[in-house]
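Asker: A single structure is presented below for examination.
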Amino acid sequence: MSRSDGLAGATRTHGGPGGRGPVRPDPAARRLRLTEAAAVRAVVWAARVVALVTVVASVFPAPRRAIMASLRASLGLPPAVGLAGTVISLVAAVGLWLLAAGLRRRKRRAWALAIAVSAVLTVVNVLHGLSTGHGYVAAGLTLALLVALVATRHRFVARPDPGGLTRGALVLVQLPVAGFVLVWVLLALNPRRLDGAPPWWQLAGHAALSLVGVSGPVQFRAGWLDDLTSAVGLSFGVAAVLVAGYHLLRSPEPEPQLSDDDQARLRALLDKQGGRDSLGYFALREDKTVVFSPTGKSAVSYRVLAGVALASGDPVGDHEAWPGAIEVFLGECTSYGWVPAVLGCSELGATAWARVGLDVLEFGDEAVLDVAGFTLEGRARRGIRQAAARLTRAGYTVRVRRLDELDDDERTALRTHASRWRGDAVERGYSMALSRVADVRDPRGVLVVAELDGRTRGLLQFVPWGSDGLSLDLMRRDPTSENGLNELMIAELMAAAEGLGVRRVSLNFAVFRAALERGERIGAGPIARTWAKLLRLASRWWQIDSLYRFNDKFRPRWVPRYVAFPAVRDLPRILVAALEAEGFGGRPPAVLRLLRR
């Protein structure tokens, strides 16, 4: 969410306070969506109840004995199935719970697997009931789940990851083979800890049975070796099932695409309605995908990470057409099993997202400077005035120009400086950064360049915010330059803004600014003070507090911004996706390489 490498913030937008709110979606379509969601929730909870019953039957002795007897009779398992069978039942319950998570996101493959599991369990429980007179309750539960799955089959439409089946099959082979070989080697290297001299085929059979938690033909003199081989074999078997299941149920994560036609349509919308949202221009990032409303008058740009379709800012275009674009976006999320989320929408945008069922949370403020009322005079901006004066006396000069005024050599030199100053640091920013410097595709952008003795020492890049605004995109400076250089460049921009036809300038976004401010007030309660302290502690990594204080020097107009999400349970996944998109972490690189292989 950062616009600068040294100042980590978050999201920012500016929805104009005037105008009517978004048009409400079609009530009939909304009722249909709510009905479908209720049906899916019922199936999900039915699967969870069956999983819970499985756990209870595995943990408590009486039902466990009955179920294990049924399994032994139905599947022909050896009498040695005891504690291992309990472990298998628990793993099966975990697998069913994972299937419930896939069902909640309407994944077709999860539905097919759940059908197979519930059908097999129903048959086993019915056979057990006929032979023992018990098990009809369990059979009724699994049959009810099966009927519910069949009845709602048209609700589960989410497409799987195209490569998930291949990766799942490979994992289902590779991990058991590795576990089999490891257990066999452990047995072969410890002949004196085994009873007798079992031949190689008995060692192989024991290693194979260990993968499913069943005791094999080998007898041990050393109990610890028995425990070790059982634990190793079962661990590999369980890991194979869980990892293969993850790949089978994983949502696709396509490479983002923004075609030339998409860019042209977005630019046309921004030319007409770009003044409403200061984040609108960042929809032109190359790592985003865009969907348009049926009328083509509005669009939502997003990126898919970790199963989350992460949009940023308000929809682009006419806010009367926002509901159409939002419906298309949510339809894409349903089709692929993605979790929809929005970073940094304005109050107007938050209202539009809330009307389609998303929860909304205020999580920060955007700093907006009004050119007409900005001045360096007075005590409030004394720090900026002094820093600017000090650097001016030291010989720093600042030039403010539109990007279309630069020639190719100047563009190349500025890109070189920006890259060198960043060094090995990760390129940060998603919701309020273009991730390109002095590009010919952004002719109406503004560059603020600071020089000392003819050498470039710092630069700011702003993108258009409608016809009369600028939105901060990039903030870079030479690490050896004087402190206060950023303040000087912003002050010079504000001085030149009127000549550029600019009436408002959007700076960085301050995450949880209100919480930091409340925690510093006289008489603040213990909760407010504790929360502020935690945020300042987190600033060691994300510079939350320092960004707020940097922005506050300019005495801006603070505009609240929001995050929209389906449910609280989705927030951890959304946080991972947001951190990864903004360049602050997320999934480890090794995991990403494995998933994309």
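Going through the structure tokens in order, the chains are called A, B, and so on, while each chain numbers its residues from 1 and the ligands are numbered from 1 in the order shown.
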Using only C-alpha atoms, what table do you get, as a Markdown table, when you list each residue of range 225-256 of chain A with an atom no more than 12 Å from range 97-105 of chain A, its nearest pair of atoms, and their distance in Å rounded to one decimal, rows by chain then rising number?

Answerer:
```
| residue | atom | partner | partner_atom | distance |
| --- | --- | --- | --- | --- |
| A:Val241 | CA | A:Leu98 | CA | 11.3 |
| A:Leu242 | CA | A:Leu98 | CA | 8.8 |
| A:Val243 | CA | A:Leu98 | CA | 11.2 |
| A:Ala244 | CA | A:Leu98 | CA | 11.9 |
| A:Gly245 | CA | A:Leu98 | CA | 8.4 |
| A:Tyr246 | CA | A:Leu98 | CA | 8.5 |
| A:His247 | CA | A:Gly102 | CA | 11.5 |
| A:Leu248 | CA | A:Gly102 | CA | 10.0 |
| A:Leu249 | CA | A:Gly102 | CA | 6.4 |
| A:Arg250 | CA | A:Gly102 | CA | 8.4 |
| A:Ser251 | CA | A:Gly102 | CA | 9.2 |
```

Asker: Please provide as a list in words all residues within 7 Å of Trp184 in chain A, with the sequence filter that same-chain residues fewer than 3 positions apart are discarded (counting only C-alpha atoms).

Answerer: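 Listing them by chain and then by number gives Phe180, Val181, Leu187, Ala188, Leu203, Ala204 and Ala207 of chain A.
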
Asker: For Asp260 in chain A, which residue among A:Ala51, A:Arg379, A:Val308, A:Arg285 is the nearest when counting only C-alpha atoms?

Answerer: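 Checking each candidate against Asp260 in chain A, we get A:Arg285 as the closest.
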
Asker: Identify which of the residues A:Gly395, A:Pro160, A:Gly378, A:Gly469 lies closest to Gly454 in chain A, counting only C-alpha atoms when measuring atom-to-atom distances.

Answerer: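 Under the stated criterion, the closest residue is A:Gly395.
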